[in-house]
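*Asks:* Structure below; questions to follow.
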Amino acid sequence: MNTPTPRTDGEPRAVVIGHGAVGALVTALMAKAGWSALSVDRADHTGDSAGILHGDITDPTPTLRGELARADVVVVAIPEQAAVDGLGTIAAATGPRTTIVETLSHKSGFLDKAETLLDPRPVLSLNPLFHPSLGWAGNTVTASAVRAGDTAERLLTLIEGAGARVHRLSHEEHDHVVTSVQAVTHAALLSFVDAVRRLGLAPVDLVACAPPPTRALLALSARVLTSQTETYWDIQNSGPPGGDARRALAESLQALEAGVDAGDRDGFGETFAGLGIWLGENLDPFADDAARALKTLLNRPTDSDDPAHDRRTR
């Protein structure tokens with residue numbers, strides 16, 4: 001069995017359930033601050049220099065239960081269903097003052113049960129709105145608390161100290177805003193790739209002839225497709241937020257198709273102009289962002305042996 005990162009007197013003892021991209025990111029942040037941070041993962045990391053405890057929160061060993069009992073904070077960084085299934089173990093093994101932190105993309109399924117099952121423990125809900133490979137600096141993390149606590153606030157201070165912006169909202173607001181936005185974005189990207197495939201276009205010709213916006217969409221789609229399926233399934237399978245997002249996307253495409261089929265050039269122009277007006281003062285800054293991103297994309301190396309092409313660095 002591995003041992004946690006050595007503890008600095010007075011710093012919390014943390015157990016991080018899940019050593020995927022998010023779990024590893026949080027563990028590293030805590031360890032850097034001197035917290036005792038133990039990672040737990042279902043995958044066998046034998047030989048891993050990080051020393052990760054092999055364990056499953058849904059089928060805990062006595063060793064895992066013991067680590068949970070000693071923890072000041074438990075971070076749940078695993079897919080939603082496994083997190084919900086592990087709630088009973090967390091409730092049974094941890095003390096009433098243990099802070100529970102979850103990092104799910106969709107909140108209500110876990111938090112609706114945790115609100116009573118984990119009472120009176122402080123419960124903090126986080127969602128890093130970025131791929132962990134990008135790091136904390138300049139990115140946003142949403143935060144909401146079922147019950148606040150000093151350890152939760154200390155963790156948020158660490159996150160802000162790493163350069164991230166913490167945006168506080170309720171978990172109901174999170175699921176309405178964040179899950180909807182993520183669902184419609186990912187649905188649009190997946191549908192874009194599927195539509196291109198349905199058109200019967202050979203990838204070699206598509207890439208060779210793709211204008212910069214198409215290359216950007218292909219790059220964003222590839223970013224999704226090289227990540228964990230579970231993350232995107234949890235967002236799409238989030239109930240009303242995901243369903244409403246996909247329906248809105250489908251209705252938008254149907255309206256576009258109906259207008260073009262009817263030859264409604266004026267209606268198309270009004271919609272085009274209206275969308276720009278809706279973006280308001282964000283329109284020009286986003287256009288500038290696109291110009292910079294596209295220049296970077298067009299200037300990227302083309303040698304497939306270049307280390308920059310390794311998706312672990314993206």
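Naming works like this for the structure tokens: A, B, ... for the chains as they're shown, residue 1 at the start of each chain, ligands 1 onward in shown order.
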Could you find all residues in stretch 71-255 of chain A that DSSP calls strand (DSSP E) from the backbone, and write them as a list in words?
*Replies:*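 Result set for stretch 71-255 of chain A (strand (DSSP E)): Val73, Val74, Val75, Val76, Thr99, Ile100, Val101, Glu102, Val123, Leu124, Ser125, Leu126, Asn127, Pro128, Thr140, Val141, Thr142, Ala143, Ser144, Ala145, Val146, Arg147, Arg165, Val166, His167 and Arg168 of chain A.
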*Asks:* Write out as a tab-separated table the residues of stretch 19-62 of chain A that have any atom within 12 Å of an atom of stretch 134-145 of chain A, one row each with the nearest atom pair and its distance in Å to one decimal, counting only C-alpha atoms, sorted by chain and then rising number.
*Replies:*
```
residue	atom	partner	partner_atom	distance
A:Ala21	CA	A:Gly135	CA	10.5
A:Val22	CA	A:Gly135	CA	10.1
A:Ala24	CA	A:Gly135	CA	11.2
A:Leu25	CA	A:Gly135	CA	7.9
A:Val26	CA	A:Trp136	CA	9.9
A:Ala28	CA	A:Gly135	CA	10.9
A:Leu29	CA	A:Trp136	CA	9.4
```
*Asks:* Keeping N, CA and C atoms for every residue in the selection just given, could you write it to a file as a compact mmCIF listing (two decimals), in the first residue's frame?
*Replies:*
```txt
# COMPACT_ATOMS: atom_id res chain seq x y z
N ALA A 21 -7.98 12.74 -14.88
CA ALA A 21 -7.40 14.06 -15.11
C ALA A 21 -7.77 15.05 -14.02
N VAL A 22 -9.05 15.09 -13.63
CA VAL A 22 -9.50 16.04 -12.61
C VAL A 22 -8.95 15.66 -11.24
N ALA A 24 -6.31 13.95 -10.46
CA ALA A 24 -4.87 14.20 -10.41
C ALA A 24 -4.57 15.68 -10.27
N LEU A 25 -5.37 16.51 -10.94
CA LEU A 25 -5.18 17.96 -10.86
C LEU A 25 -5.40 18.46 -9.44
N VAL A 26 -6.49 18.00 -8.80
CA VAL A 26 -6.80 18.42 -7.44
C VAL A 26 -5.77 17.88 -6.45
N ALA A 28 -2.63 17.17 -6.98
CA ALA A 28 -1.37 17.92 -7.12
C ALA A 28 -1.47 19.29 -6.46
N LEU A 29 -2.63 19.93 -6.58
CA LEU A 29 -2.82 21.24 -5.97
C LEU A 29 -2.71 21.14 -4.45
```
*Asks:* Check which residues of stretch 168-261 of chain A sit at most 12 Å from stretch 278-296 of chain A using only C-alpha atoms, and return one row each with the closest pair of atoms and their distance in Å to one decimal, ordered by chain and rising number, as JSON lines.
*Replies:*
```
{"residue": "A:Pro211", "atom": "CA", "partner": "A:Leu294", "partner_atom": "CA", "distance": 10.1}
{"residue": "A:Pro212", "atom": "CA", "partner": "A:Leu294", "partner_atom": "CA", "distance": 6.3}
{"residue": "A:Pro213", "atom": "CA", "partner": "A:Leu294", "partner_atom": "CA", "distance": 7.5}
{"residue": "A:Thr214", "atom": "CA", "partner": "A:Leu294", "partner_atom": "CA", "distance": 10.1}
{"residue": "A:Arg215", "atom": "CA", "partner": "A:Leu294", "partner_atom": "CA", "distance": 8.4}
{"residue": "A:Ala216", "atom": "CA", "partner": "A:Leu294", "partner_atom": "CA", "distance": 6.9}
{"residue": "A:Leu217", "atom": "CA", "partner": "A:Leu294", "partner_atom": "CA", "distance": 10.6}
{"residue": "A:Ala219", "atom": "CA", "partner": "A:Leu294", "partner_atom": "CA", "distance": 10.6}
{"residue": "A:Leu220", "atom": "CA", "partner": "A:Ala293", "partner_atom": "CA", "distance": 11.5}
```
*Asks:* What separation in Å, quoted to one decimal, exists between atom CA of A:Ala222 and atom CA of A:Pro128?
*Replies:*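 Straight-line distance from atom CA of A:Ala222 to atom CA of A:Pro128 works out to 19.8 Å.
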*Asks:* If you run DSSP on the backbone, which residues of stretch 112-182 of chain A are alpha helix (DSSP H), as a PyMOL selection string?
*Replies:* chain A and resi 112-117+150-161+171-174+180-182
*Asks:* Select, from A:Leu118, A:Ile159, A:Leu297, A:Val177, the residue with the minimum atom-to-atom distance to A:Gly86, counting only C-alpha atoms.
*Replies:*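 Ranking A:Leu118, A:Ile159, A:Leu297, A:Val177 by distance to A:Gly86, first place goes to A:Leu118.
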